[in-house]
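Coordinates as given in run_25.cif (mmCIF, C-alpha atoms and all ligand atoms):
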```cif
data_structure
loop_
_atom_site.group_PDB
_atom_site.id
_atom_site.type_symbol
_atom_site.label_atom_id
_atom_site.label_comp_id
_atom_site.auth_asym_id
_atom_site.auth_seq_id
_atom_site.Cartn_x
_atom_site.Cartn_y
_atom_site.Cartn_z
ATOM 1 C CA MET S 1 31.091 -14.273 -7.852
ATOM 2 C CA SER S 2 28.473 -12.861 -5.489
ATOM 3 C CA LYS S 3 25.216 -14.776 -5.219
ATOM 4 C CA ILE S 4 21.697 -13.345 -5.020
ATOM 5 C CA LEU S 5 18.552 -15.095 -3.834
ATOM 6 C CA VAL S 6 15.375 -13.832 -5.530
ATOM 7 C CA SER S 7 12.682 -15.059 -3.150
ATOM 8 C CA LYS S 8 9.619 -15.032 -5.421
ATOM 9 C CA ARG S 9 8.588 -14.444 -9.051
ATOM 10 C CA VAL S 10 9.483 -11.001 -10.442
ATOM 11 C CA TYR S 11 9.415 -9.645 -13.999
ATOM 12 C CA PRO S 12 12.026 -11.662 -15.930
ATOM 13 C CA GLU S 13 14.186 -8.728 -17.055
ATOM 14 C CA ALA S 14 15.214 -8.188 -13.428
ATOM 15 C CA VAL S 15 16.581 -11.729 -13.205
ATOM 16 C CA GLU S 16 18.267 -11.426 -16.634
ATOM 17 C CA PHE S 17 19.902 -8.191 -15.468
ATOM 18 C CA LEU S 18 21.233 -9.809 -12.289
ATOM 19 C CA ARG S 19 22.499 -12.895 -14.148
ATOM 20 C CA LYS S 20 24.912 -10.695 -16.163
ATOM 21 C CA ASP S 21 27.104 -10.096 -13.100
ATOM 22 C CA PHE S 22 25.971 -12.485 -10.388
ATOM 23 C CA GLU S 23 25.002 -16.035 -9.649
ATOM 24 C CA VAL S 24 21.231 -16.010 -9.105
ATOM 25 C CA ASP S 25 19.152 -18.509 -7.131
ATOM 26 C CA TYR S 26 15.704 -17.686 -8.503
ATOM 27 C CA GLU S 27 12.563 -18.918 -6.752
ATOM 28 C CA GLY S 28 10.354 -18.102 -9.704
ATOM 29 C CA THR S 29 7.117 -19.294 -8.106
ATOM 30 C CA ASP S 30 4.017 -17.407 -6.982
ATOM 31 C CA ALA S 31 4.123 -19.071 -3.568
ATOM 32 C CA GLY S 32 7.647 -17.836 -2.870
ATOM 33 C CA LEU S 33 9.614 -19.302 0.022
ATOM 34 C CA THR S 34 8.540 -20.243 3.521
ATOM 35 C CA THR S 35 10.638 -18.601 6.231
ATOM 36 C CA GLU S 36 12.506 -21.865 6.823
ATOM 37 C CA ALA S 37 13.220 -22.328 3.109
ATOM 38 C CA LEU S 38 14.346 -18.710 2.767
ATOM 39 C CA ILE S 39 16.827 -19.089 5.632
ATOM 40 C CA GLU S 40 18.149 -22.305 4.085
ATOM 41 C CA ARG S 41 18.396 -20.941 0.539
ATOM 42 C CA ALA S 42 20.033 -17.708 1.762
ATOM 43 C CA LYS S 43 23.037 -19.705 3.001
ATOM 44 C CA GLY S 44 25.960 -18.855 0.750
ATOM 45 C CA CYS S 45 24.120 -15.847 -0.717
ATOM 46 C CA ASP S 46 25.214 -12.206 -0.433
ATOM 47 C CA ALA S 47 21.890 -10.532 -1.211
ATOM 48 C CA ILE S 48 18.167 -11.178 -1.198
ATOM 49 C CA VAL S 49 15.638 -9.595 -3.556
ATOM 50 C CA SER S 50 12.634 -9.825 -1.236
ATOM 51 C CA GLN S 51 8.926 -9.068 -1.463
ATOM 52 C CA LEU S 52 6.458 -7.798 1.113
ATOM 53 C CA THR S 53 5.333 -11.368 1.762
ATOM 54 C CA ASP S 54 8.811 -12.146 3.176
ATOM 55 C CA LYS S 55 8.654 -11.322 6.890
ATOM 56 C CA LEU S 56 12.226 -10.426 7.801
ATOM 57 C CA ASN S 57 12.107 -9.627 11.514
ATOM 58 C CA ALA S 58 15.101 -9.410 13.873
ATOM 59 C CA GLU S 59 15.048 -13.117 14.664
ATOM 60 C CA ILE S 60 15.033 -14.153 11.006
ATOM 61 C CA LEU S 61 17.682 -11.572 10.115
ATOM 62 C CA SER S 62 19.927 -13.090 12.792
ATOM 63 C CA GLN S 63 19.818 -16.354 10.818
ATOM 64 C CA LEU S 64 20.786 -14.795 7.484
ATOM 65 C CA GLU S 65 24.518 -15.076 7.850
ATOM 66 C CA GLY S 66 26.506 -13.587 4.993
ATOM 67 C CA ILE S 67 23.635 -11.465 3.651
ATOM 68 C CA LYS S 68 24.878 -7.948 2.952
ATOM 69 C CA VAL S 69 21.845 -6.448 1.243
ATOM 70 C CA ILE S 70 18.085 -6.938 1.128
ATOM 71 C CA ALA S 71 16.387 -5.254 -1.833
ATOM 72 C CA ASN S 72 12.636 -5.138 -1.243
ATOM 73 C CA VAL S 73 10.368 -4.983 -4.300
ATOM 74 C CA ALA S 74 8.007 -2.426 -2.715
ATOM 75 C CA VAL S 75 8.024 1.102 -1.416
ATOM 76 C CA GLY S 76 6.685 -0.125 1.950
ATOM 77 C CA PHE S 77 9.194 -1.953 4.127
ATOM 78 C CA ASP S 78 7.252 -2.838 7.267
ATOM 79 C CA ASN S 79 8.060 -6.497 6.459
ATOM 80 C CA ILE S 80 11.720 -5.807 7.300
ATOM 81 C CA ASP S 81 13.133 -4.754 10.659
ATOM 82 C CA VAL S 82 15.423 -2.045 9.271
ATOM 83 C CA PRO S 83 17.012 -1.076 12.647
ATOM 84 C CA ALA S 84 17.855 -4.754 13.278
ATOM 85 C CA ALA S 85 19.279 -5.038 9.751
ATOM 86 C CA THR S 86 21.351 -1.897 10.314
ATOM 87 C CA GLU S 87 22.754 -3.363 13.531
ATOM 88 C CA ARG S 88 23.842 -6.420 11.574
ATOM 89 C CA GLY S 89 25.376 -4.274 8.819
ATOM 90 C CA ILE S 90 22.753 -5.365 6.261
ATOM 91 C CA LEU S 91 21.780 -2.702 3.718
ATOM 92 C CA VAL S 92 18.045 -2.460 2.995
ATOM 93 C CA THR S 93 16.512 -0.792 -0.067
ATOM 94 C CA ASN S 94 12.989 -0.161 -1.379
ATOM 95 C CA THR S 95 11.386 1.080 -4.627
ATOM 96 C CA PRO S 96 10.041 4.601 -4.028
ATOM 97 C CA GLY S 97 8.788 7.066 -6.615
ATOM 98 C CA VAL S 98 8.208 4.677 -9.483
ATOM 99 C CA LEU S 99 4.829 3.544 -8.143
ATOM 100 C CA THR S 100 3.532 6.904 -6.886
ATOM 101 C CA GLU S 101 1.267 7.825 -9.813
ATOM 102 C CA THR S 102 0.028 4.267 -10.408
ATOM 103 C CA THR S 103 -0.894 3.893 -6.734
ATOM 104 C CA ALA S 104 -2.595 7.292 -6.693
ATOM 105 C CA ASP S 105 -4.560 6.306 -9.826
ATOM 106 C CA PHE S 106 -5.771 3.238 -7.977
ATOM 107 C CA ALA S 107 -6.628 5.050 -4.735
ATOM 108 C CA PHE S 108 -8.784 7.409 -6.776
ATOM 109 C CA THR S 109 -10.272 4.520 -8.765
ATOM 110 C CA LEU S 110 -11.233 2.796 -5.519
ATOM 111 C CA LEU S 111 -12.698 6.024 -4.171
ATOM 112 C CA MET S 112 -14.835 6.441 -7.284
ATOM 113 C CA ALA S 113 -15.851 2.774 -7.506
ATOM 114 C CA THR S 114 -16.936 2.849 -3.862
ATOM 115 C CA ALA S 115 -18.739 6.200 -4.023
ATOM 116 C CA ARG S 116 -20.612 5.287 -7.204
ATOM 117 C CA ARG S 117 -21.124 1.614 -6.323
ATOM 118 C CA ILE S 118 -19.560 0.192 -9.496
ATOM 119 C CA PRO S 119 -19.086 -3.413 -8.255
ATOM 120 C CA GLU S 120 -22.704 -3.542 -7.040
ATOM 121 C CA GLY S 121 -23.905 -2.191 -10.391
ATOM 122 C CA HIS S 122 -21.825 -4.728 -12.310
ATOM 123 C CA ALA S 123 -23.171 -7.624 -10.213
ATOM 124 C CA PHE S 124 -26.735 -6.279 -10.563
ATOM 125 C CA VAL S 125 -26.604 -6.192 -14.364
ATOM 126 C CA HIS S 126 -24.879 -9.579 -14.575
ATOM 127 C CA SER S 127 -27.419 -11.303 -12.341
ATOM 128 C CA GLY S 128 -30.364 -10.186 -14.485
ATOM 129 C CA GLU S 129 -31.940 -8.293 -11.549
ATOM 130 C CA TRP S 130 -32.102 -5.049 -13.550
ATOM 131 C CA LYS S 131 -35.757 -4.566 -14.510
ATOM 132 C CA THR S 132 -36.291 -0.819 -14.829
ATOM 133 C CA TRP S 133 -34.890 2.669 -14.274
ATOM 134 C CA LEU S 134 -35.479 3.651 -10.655
ATOM 135 C CA ILE S 135 -35.121 7.030 -8.997
ATOM 136 C CA ASP S 136 -32.745 5.747 -6.308
ATOM 137 C CA LEU S 137 -31.256 2.692 -7.980
ATOM 138 C CA LEU S 138 -27.734 2.266 -6.570
ATOM 139 C CA ALA S 139 -27.616 5.929 -5.632
ATOM 140 C CA GLY S 140 -24.141 6.821 -4.399
ATOM 141 C CA GLN S 141 -22.200 9.791 -3.062
ATOM 142 C CA ASP S 142 -20.987 12.762 -5.104
ATOM 143 C CA ILE S 143 -17.261 13.079 -5.615
ATOM 144 C CA HIS S 144 -17.142 16.533 -7.215
ATOM 145 C CA GLY S 145 -17.214 19.282 -4.622
ATOM 146 C CA ALA S 146 -16.800 16.842 -1.723
ATOM 147 C CA THR S 147 -14.151 17.130 0.997
ATOM 148 C CA LEU S 148 -11.237 14.719 0.815
ATOM 149 C CA GLY S 149 -9.250 14.121 4.011
ATOM 150 C CA LEU S 150 -5.786 12.675 3.478
ATOM 151 C CA PHE S 151 -3.853 11.061 6.294
ATOM 152 C CA GLY S 152 -0.308 11.442 4.952
ATOM 153 C CA LEU S 153 0.702 14.035 2.379
ATOM 154 C CA GLY S 154 3.837 12.297 1.140
ATOM 155 C CA ARG S 155 4.443 11.351 -2.483
ATOM 156 C CA ILE S 156 1.297 9.218 -2.890
ATOM 157 C CA GLY S 157 -0.989 11.398 -0.748
ATOM 158 C CA ALA S 158 0.025 14.471 -2.768
ATOM 159 C CA ALA S 159 -0.552 12.604 -6.051
ATOM 160 C CA VAL S 160 -4.069 11.690 -4.862
ATOM 161 C CA ALA S 161 -4.664 15.339 -3.926
ATOM 162 C CA ARG S 162 -3.712 16.428 -7.479
ATOM 163 C CA ARG S 163 -6.355 14.097 -8.891
ATOM 164 C CA ALA S 164 -8.913 15.340 -6.356
ATOM 165 C CA LYS S 165 -8.260 18.944 -7.380
ATOM 166 C CA GLY S 166 -9.391 18.040 -10.899
ATOM 167 C CA PHE S 167 -12.705 16.964 -9.396
ATOM 168 C CA GLY S 168 -13.129 20.250 -7.543
ATOM 169 C CA MET S 169 -12.700 18.592 -4.156
ATOM 170 C CA ARG S 170 -11.737 20.491 -1.000
ATOM 171 C CA ILE S 171 -8.574 18.972 0.446
ATOM 172 C CA LEU S 172 -7.747 18.571 4.135
ATOM 173 C CA TYR S 173 -4.741 16.671 5.400
ATOM 174 C CA ASN S 174 -3.070 15.525 8.559
ATOM 175 C CA ASP S 175 0.500 14.286 8.886
ATOM 176 C CA ALA S 176 3.299 14.088 11.442
ATOM 177 C CA GLN S 177 4.415 17.542 10.235
ATOM 178 C CA PRO S 178 2.661 20.160 8.111
ATOM 179 C CA ALA S 179 3.818 19.985 4.477
ATOM 180 C CA PRO S 180 5.991 22.746 2.996
ATOM 181 C CA ALA S 181 3.962 25.885 2.252
ATOM 182 C CA ALA S 182 4.650 25.543 -1.504
ATOM 183 C CA LEU S 183 3.052 22.074 -1.597
ATOM 184 C CA GLU S 184 0.056 23.222 0.493
ATOM 185 C CA HIS S 185 -0.351 26.101 -1.924
ATOM 186 C CA GLU S 186 -0.036 23.933 -5.056
ATOM 187 C CA LEU S 187 -2.621 21.455 -3.753
ATOM 188 C CA ASP S 188 -4.786 23.998 -1.986
ATOM 189 C CA ALA S 189 -4.579 21.603 0.968
ATOM 190 C CA ARG S 190 -5.198 22.625 4.574
ATOM 191 C CA PHE S 191 -3.453 21.015 7.559
ATOM 192 C CA VAL S 192 -6.018 20.055 10.220
ATOM 193 C CA SER S 193 -6.058 17.937 13.383
ATOM 194 C CA LYS S 194 -6.894 14.243 13.171
ATOM 195 C CA ASP S 195 -10.292 14.919 14.786
ATOM 196 C CA GLU S 196 -11.143 17.758 12.427
ATOM 197 C CA LEU S 197 -10.228 15.665 9.407
ATOM 198 C CA LEU S 198 -12.420 12.775 10.569
ATOM 199 C CA ARG S 199 -15.305 15.125 11.391
ATOM 200 C CA ASP S 200 -15.276 17.190 8.189
ATOM 201 C CA SER S 201 -14.286 14.767 5.409
ATOM 202 C CA ASP S 202 -16.635 13.043 2.980
ATOM 203 C CA PHE S 203 -13.771 10.759 1.944
ATOM 204 C CA VAL S 204 -10.887 9.736 4.203
ATOM 205 C CA SER S 205 -7.919 8.237 2.347
ATOM 206 C CA LEU S 206 -4.939 6.677 4.144
ATOM 207 C CA HIS S 207 -1.368 7.265 2.943
ATOM 208 C CA VAL S 208 0.740 6.648 6.049
ATOM 209 C CA PRO S 209 3.361 3.924 6.432
ATOM 210 C CA LEU S 210 2.745 1.087 8.884
ATOM 211 C CA THR S 211 4.732 1.760 12.057
ATOM 212 C CA PRO S 212 4.012 0.981 15.731
ATOM 213 C CA GLU S 213 2.425 4.475 15.901
ATOM 214 C CA THR S 214 0.066 3.941 12.953
ATOM 215 C CA ARG S 215 -1.102 0.411 13.841
ATOM 216 C CA HIS S 216 -4.914 0.685 14.257
ATOM 217 C CA PHE S 217 -4.651 4.421 13.563
ATOM 218 C CA ILE S 218 -8.294 4.097 12.467
ATOM 219 C CA GLY S 219 -10.301 2.164 15.053
ATOM 220 C CA ALA S 220 -13.778 2.266 16.598
ATOM 221 C CA ALA S 221 -13.265 5.749 18.125
ATOM 222 C CA GLU S 222 -12.097 7.273 14.829
ATOM 223 C CA LEU S 223 -14.861 5.605 12.801
ATOM 224 C CA ALA S 224 -17.437 6.956 15.257
ATOM 225 C CA ARG S 225 -16.169 10.501 14.566
ATOM 226 C CA MET S 226 -16.686 10.208 10.792
ATOM 227 C CA LYS S 227 -19.814 11.376 8.995
ATOM 228 C CA PRO S 228 -22.478 8.664 8.437
ATOM 229 C CA THR S 229 -22.120 9.439 4.718
ATOM 230 C CA ALA S 230 -18.306 9.202 4.740
ATOM 231 C CA ILE S 231 -16.196 6.711 2.796
ATOM 232 C CA LEU S 232 -12.870 5.279 4.000
ATOM 233 C CA ILE S 233 -10.201 4.345 1.425
ATOM 234 C CA ASN S 234 -7.158 2.283 2.414
ATOM 235 C CA THR S 235 -4.344 1.670 -0.080
ATOM 236 C CA ALA S 236 -1.611 2.009 2.577
ATOM 237 C CA ARG S 237 -1.287 -1.032 4.855
ATOM 238 C CA GLY S 238 -4.052 -3.208 6.314
ATOM 239 C CA PRO S 239 -3.081 -2.962 10.001
ATOM 240 C CA VAL S 240 -3.430 0.844 9.871
ATOM 241 C CA VAL S 241 -7.170 0.087 10.217
ATOM 242 C CA ASP S 242 -8.755 -2.095 12.898
ATOM 243 C CA GLU S 243 -10.589 -4.391 10.488
ATOM 244 C CA VAL S 244 -13.045 -5.776 13.073
ATOM 245 C CA ALA S 245 -14.026 -2.242 14.127
ATOM 246 C CA LEU S 246 -14.385 -1.230 10.469
ATOM 247 C CA ALA S 247 -16.619 -4.205 9.622
ATOM 248 C CA ASP S 248 -18.755 -3.349 12.635
ATOM 249 C CA ALA S 249 -19.005 0.338 11.624
ATOM 250 C CA LEU S 250 -19.953 -0.612 8.064
ATOM 251 C CA GLU S 251 -22.566 -3.090 9.246
ATOM 252 C CA LYS S 252 -24.128 -0.548 11.610
ATOM 253 C CA ARG S 253 -23.859 2.138 8.890
ATOM 254 C CA LEU S 254 -21.821 4.381 11.191
ATOM 255 C CA ILE S 255 -19.969 5.207 7.972
ATOM 256 C CA TRP S 256 -21.355 4.811 4.484
ATOM 257 C CA ALA S 257 -18.778 2.604 2.784
ATOM 258 C CA ALA S 258 -15.122 1.611 2.485
ATOM 259 C CA GLY S 259 -12.752 0.799 -0.361
ATOM 260 C CA LEU S 260 -9.911 -1.481 0.710
ATOM 261 C CA ASP S 261 -6.856 -2.687 -1.181
ATOM 262 C CA VAL S 262 -4.954 -3.861 1.898
ATOM 263 C CA PHE S 263 -5.873 -6.053 4.864
ATOM 264 C CA GLU S 264 -4.632 -6.907 8.322
ATOM 265 C CA ARG S 265 -3.839 -10.567 7.582
ATOM 266 C CA GLU S 266 -3.408 -10.773 3.808
ATOM 267 C CA PRO S 267 -4.587 -12.759 1.961
ATOM 268 C CA GLN S 268 -7.201 -13.407 4.658
ATOM 269 C CA VAL S 269 -10.051 -10.935 4.916
ATOM 270 C CA GLU S 270 -12.260 -10.416 7.957
ATOM 271 C CA ALA S 271 -15.307 -12.655 7.287
ATOM 272 C CA LYS S 272 -17.849 -9.918 7.984
ATOM 273 C CA LEU S 273 -16.283 -7.652 5.360
ATOM 274 C CA LEU S 274 -16.891 -10.348 2.755
ATOM 275 C CA SER S 275 -20.601 -10.390 3.543
ATOM 276 C CA LEU S 276 -21.212 -6.625 3.356
ATOM 277 C CA GLN S 277 -22.403 -4.740 0.264
ATOM 278 C CA ASN S 278 -20.970 -1.357 1.284
ATOM 279 C CA VAL S 279 -17.328 -2.306 0.901
ATOM 280 C CA VAL S 280 -15.247 -2.631 -2.272
ATOM 281 C CA LEU S 281 -12.355 -5.064 -1.939
ATOM 282 C CA ALA S 282 -9.181 -5.438 -4.002
ATOM 283 C CA PRO S 283 -6.227 -7.834 -3.558
ATOM 284 C CA HIS S 284 -3.365 -5.378 -2.810
ATOM 285 C CA ILE S 285 -3.021 -4.230 -6.432
ATOM 286 C CA ALA S 286 -2.723 -0.440 -6.138
ATOM 287 C CA SER S 287 0.722 -0.406 -7.801
ATOM 288 C CA ALA S 288 -0.136 -3.190 -10.229
ATOM 289 C CA SER S 289 0.182 -1.729 -13.693
ATOM 290 C CA VAL S 290 2.428 -3.802 -15.943
ATOM 291 C CA ALA S 291 4.851 -0.910 -16.477
ATOM 292 C CA THR S 292 5.119 -0.081 -12.770
ATOM 293 C CA ARG S 293 5.557 -3.650 -11.556
ATOM 294 C CA ARG S 294 8.249 -4.148 -14.241
ATOM 295 C CA ARG S 295 9.986 -0.996 -13.061
ATOM 296 C CA MET S 296 9.744 -2.068 -9.392
ATOM 297 C CA SER S 297 11.330 -5.434 -10.250
ATOM 298 C CA MET S 298 14.187 -3.694 -12.083
ATOM 299 C CA MET S 299 14.713 -1.081 -9.367
ATOM 300 C CA ALA S 300 15.125 -3.749 -6.704
ATOM 301 C CA ALA S 301 17.577 -5.635 -8.941
ATOM 302 C CA GLU S 302 19.534 -2.428 -9.587
ATOM 303 C CA ASN S 303 19.656 -1.655 -5.865
ATOM 304 C CA ALA S 304 20.967 -5.143 -5.053
ATOM 305 C CA ALA S 305 23.535 -4.988 -7.869
ATOM 306 C CA ALA S 306 24.815 -1.546 -6.845
ATOM 307 C CA ALA S 307 25.259 -2.606 -3.212
ATOM 308 C CA LEU S 308 27.143 -5.778 -4.185
ATOM 309 C CA LYS S 309 29.431 -3.743 -6.461
ATOM 310 C CA GLY S 310 30.328 -1.556 -3.490
ATOM 311 C CA GLU S 311 28.291 1.412 -4.729
ATOM 312 C CA ARG S 312 25.659 3.249 -2.707
ATOM 313 C CA PRO S 313 22.249 1.900 -3.836
ATOM 314 C CA ALA S 314 19.882 4.617 -5.039
ATOM 315 C CA ASN S 315 17.172 3.731 -2.538
ATOM 316 C CA LEU S 316 18.967 2.972 0.692
ATOM 317 C CA LEU S 317 16.797 2.872 3.832
ATOM 318 C CA ASN S 318 19.418 2.494 6.540
ATOM 319 C CA PRO S 319 20.265 5.751 8.319
HETATM 320 C C1 LIG S 401 4.348 -1.184 -1.846
HETATM 321 O O1 LIG S 401 5.158 -0.992 -2.761
HETATM 322 O O2 LIG S 401 4.623 -0.975 -0.669
HETATM 323 C C2 LIG S 401 2.969 -1.659 -2.211
HETATM 324 O O3 LIG S 401 2.206 -2.001 -1.141
HETATM 325 C C3 LIG S 401 3.047 -2.778 -3.220
HETATM 326 O O4 LIG S 401 3.377 -2.143 -4.389
#
```
Exercise: express the given structure as structure tokens:
Amino acid sequence: MSKILVSKRVYPEAVEFLRKDFEVDYEGTDAGLTTEALIERAKGCDAIVSQLTDKLNAEILSQLEGIKVIANVAVGFDNIDVPAATERGILVTNTPGVLTETTADFAFTLLMATARRIPEGHAFVHSGEWKTWLIDLLAGQDIHGATLGLFGLGRIGAAVARRAKGFGMRILYNDAQPAPAALEHELDARFVSKDELLRDSDFVSLHVPLTPETRHFIGAAELARMKPTAILINTARGPVVDEVALADALEKRLIWAAGLDVFEREPQVEAKLLSLQNVVLAPHIASASVATRRRMSMMAAENAAAALKGERPANLLNP
């Protein structure tokens, strides 16, 4: 019987599903496994159901003898060196599609919470500081009619654009390639250069994967090109933004605010960001609705099961 290592707690139905056909070594904790423990526990296993906290680089993959498939419980897979896995004949899968709408809901929620200063308002009421109605009390930025610049018009970027359309926003985007004309037409989205997007957007929202090309895609130079009233939203991956440069830009009010769900060294957050009022922080929860996280757990289990049964997994990443 094939054996599967599940490296960290998932929704229980995924483990029940796997136990029907496989032996399962389930690390059902929130801490998950250290790299050393993962390598040790993977001995004698055929598959790993991994999470984005498992860093599976080429060196670690070389120590996972016998592993035939890695099923990541995430759409992002920058935690896995897929070319190195391919070289070793290891199949790698992810969980696309199922989290698109939930993540887009959250990106828009973060945009609105940041623009309209919801966390500051909540803290203000709670602390008893609220004494009277004031003409400029926690005055924010308008969302309706504003220009939204999307870096990345893939599944999630397009889903954010659909929400923005409902708010009467003008939509600009930049991507490696222009989107198909039908999608541009549906979203009323215009392809522009990176510089034009930074210059003209009231909100800049990031929806690109983390690759060597997108690491620090937004740094000091890009932040300096944005409007002083602009808001940056990141629900993609932390290292896409240079966090030190962002904290500096927010402190100097080079941009107005930022809403961040992802960070360069999760769960650590740049100290300066924690001390600023004009940033809304969330702990990497954009896809965290109960239904979506359940579905992600099941999808990863289904991918692992299919691969071990000799079928082509639905969400294969290897070329
Ligand atoms: C992903 O799936 O890549 C998200 O970051 C976590 O849901």
### Message
I'd like to see the residues matched by the PyMOL selection byres (((chain S and resi 51) around 8) and not hetatm) on this file, and ideally I'd get them as a list in words.
### Response
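Checking the PyMOL selection byres (((chain S and resi 51) around 8) and not hetatm) against this file, the residues are Ser7, Lys8, Val49, Ser50, Leu52, Thr53, Asp54, Asn72, Val73 and Ala74 of chain S.
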### Query
Any chance you could work out the residue set of the PyMOL selection byres (((chain S and resi 157) around 12) and not hetatm) here, as a ChimeraX atom specification?
/S:100-101,103-108,148-156,158-164,171-175,179,183-184,187,189,204-209,233-236
Limited to C-alpha atoms, could you put the picked residues into a file as a PDB file, in the frame of the given file?
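What ended up in out10.pdb:
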```
ATOM      1  CA  THR S 100       3.532   6.904  -6.886  1.00  0.00           C
ATOM      2  CA  GLU S 101       1.267   7.825  -9.813  1.00  0.00           C
ATOM      3  CA  THR S 103      -0.894   3.893  -6.734  1.00  0.00           C
ATOM      4  CA  ALA S 104      -2.595   7.292  -6.693  1.00  0.00           C
ATOM      5  CA  ASP S 105      -4.560   6.306  -9.826  1.00  0.00           C
ATOM      6  CA  PHE S 106      -5.771   3.238  -7.977  1.00  0.00           C
ATOM      7  CA  ALA S 107      -6.628   5.050  -4.735  1.00  0.00           C
ATOM      8  CA  PHE S 108      -8.784   7.409  -6.776  1.00  0.00           C
ATOM      9  CA  LEU S 148     -11.237  14.719   0.815  1.00  0.00           C
ATOM     10  CA  GLY S 149      -9.250  14.121   4.011  1.00  0.00           C
ATOM     11  CA  LEU S 150      -5.786  12.675   3.478  1.00  0.00           C
ATOM     12  CA  PHE S 151      -3.853  11.061   6.294  1.00  0.00           C
ATOM     13  CA  GLY S 152      -0.308  11.442   4.952  1.00  0.00           C
ATOM     14  CA  LEU S 153       0.702  14.035   2.379  1.00  0.00           C
ATOM     15  CA  GLY S 154       3.837  12.297   1.140  1.00  0.00           C
ATOM     16  CA  ARG S 155       4.443  11.351  -2.483  1.00  0.00           C
ATOM     17  CA  ILE S 156       1.297   9.218  -2.890  1.00  0.00           C
ATOM     18  CA  ALA S 158       0.025  14.471  -2.768  1.00  0.00           C
ATOM     19  CA  ALA S 159      -0.552  12.604  -6.051  1.00  0.00           C
ATOM     20  CA  VAL S 160      -4.069  11.690  -4.862  1.00  0.00           C
ATOM     21  CA  ALA S 161      -4.664  15.339  -3.926  1.00  0.00           C
ATOM     22  CA  ARG S 162      -3.712  16.428  -7.479  1.00  0.00           C
ATOM     23  CA  ARG S 163      -6.355  14.097  -8.891  1.00  0.00           C
ATOM     24  CA  ALA S 164      -8.913  15.340  -6.356  1.00  0.00           C
ATOM     25  CA  ILE S 171      -8.574  18.972   0.446  1.00  0.00           C
ATOM     26  CA  LEU S 172      -7.747  18.571   4.135  1.00  0.00           C
ATOM     27  CA  TYR S 173      -4.741  16.671   5.400  1.00  0.00           C
ATOM     28  CA  ASN S 174      -3.070  15.525   8.559  1.00  0.00           C
ATOM     29  CA  ASP S 175       0.500  14.286   8.886  1.00  0.00           C
ATOM     30  CA  ALA S 179       3.818  19.985   4.477  1.00  0.00           C
ATOM     31  CA  LEU S 183       3.052  22.074  -1.597  1.00  0.00           C
ATOM     32  CA  GLU S 184       0.056  23.222   0.493  1.00  0.00           C
ATOM     33  CA  LEU S 187      -2.621  21.455  -3.753  1.00  0.00           C
ATOM     34  CA  ALA S 189      -4.579  21.603   0.968  1.00  0.00           C
ATOM     35  CA  VAL S 204     -10.887   9.736   4.203  1.00  0.00           C
ATOM     36  CA  SER S 205      -7.919   8.237   2.347  1.00  0.00           C
ATOM     37  CA  LEU S 206      -4.939   6.677   4.144  1.00  0.00           C
ATOM     38  CA  HIS S 207      -1.368   7.265   2.943  1.00  0.00           C
ATOM     39  CA  VAL S 208       0.740   6.648   6.049  1.00  0.00           C
ATOM     40  CA  PRO S 209       3.361   3.924   6.432  1.00  0.00           C
ATOM     41  CA  ILE S 233     -10.201   4.345   1.425  1.00  0.00           C
ATOM     42  CA  ASN S 234      -7.158   2.283   2.414  1.00  0.00           C
ATOM     43  CA  THR S 235      -4.344   1.670  -0.080  1.00  0.00           C
ATOM     44  CA  ALA S 236      -1.611   2.009   2.577  1.00  0.00           C
TER      45      ALA S 236
END
```
For the provided coordinates, the residues matched by the PyMOL selection byres (((not hetatm)) within 6 of (chain S and resi 401)) should be stated as a compact mmCIF listing (two decimals) with C-alpha atoms, keeping the file's coordinate frame.
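In the end it all went to expr.txt:
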```txt
# COMPACT_ATOMS: atom_id res chain seq x y z
CA ALA S 74 8.01 -2.43 -2.72
CA VAL S 75 8.02 1.10 -1.42
CA GLY S 76 6.68 -0.12 1.95
CA SER S 287 0.72 -0.41 -7.80
```
### Summary
Nearest to S:Pro313, restricted to only C-alpha atoms and choosing among S:Ser2, S:Gln177, S:Thr95, S:Thr229, comes out as S:Thr95
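Shown here are all protein and nucleic acid residues lying within 12 Å of (16.2, -20.9, 6.6), with all atoms listed in the file considered: Ser7, Leu33, Thr34, Thr35, Glu36, Ala37, Leu38, Ile39, Glu40, Arg41, Ala42, Lys43, Gly44, Cys45, Asp54, Leu56, Glu59, Ile60, Leu61, Ser62, Gln63, Leu64 and Glu65 of chain S.
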#### Entry: Given only C-alpha atoms as the counted atoms, nearest of S:Glu302, S:Asp188, S:Glu266, S:Asp142 to S:Leu111
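Looking at the shortest contact to S:Leu111, the residue is S:Asp142.
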### Query
Which is closer to S:Val6 than all the others in S:Leu197, S:Val69, S:Ala291, S:Ala314, using only C-alpha atoms?
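Among the listed residues, the smallest separation from S:Val6 belongs to S:Val69.
Near S:Glu23, within a cut-off of 8 Å and counting all atoms listed in the file, sit the residues Met1, Ser2, Lys3, Ile4 and Leu18 of chain S, with same-chain residues fewer than 5 positions away left out.
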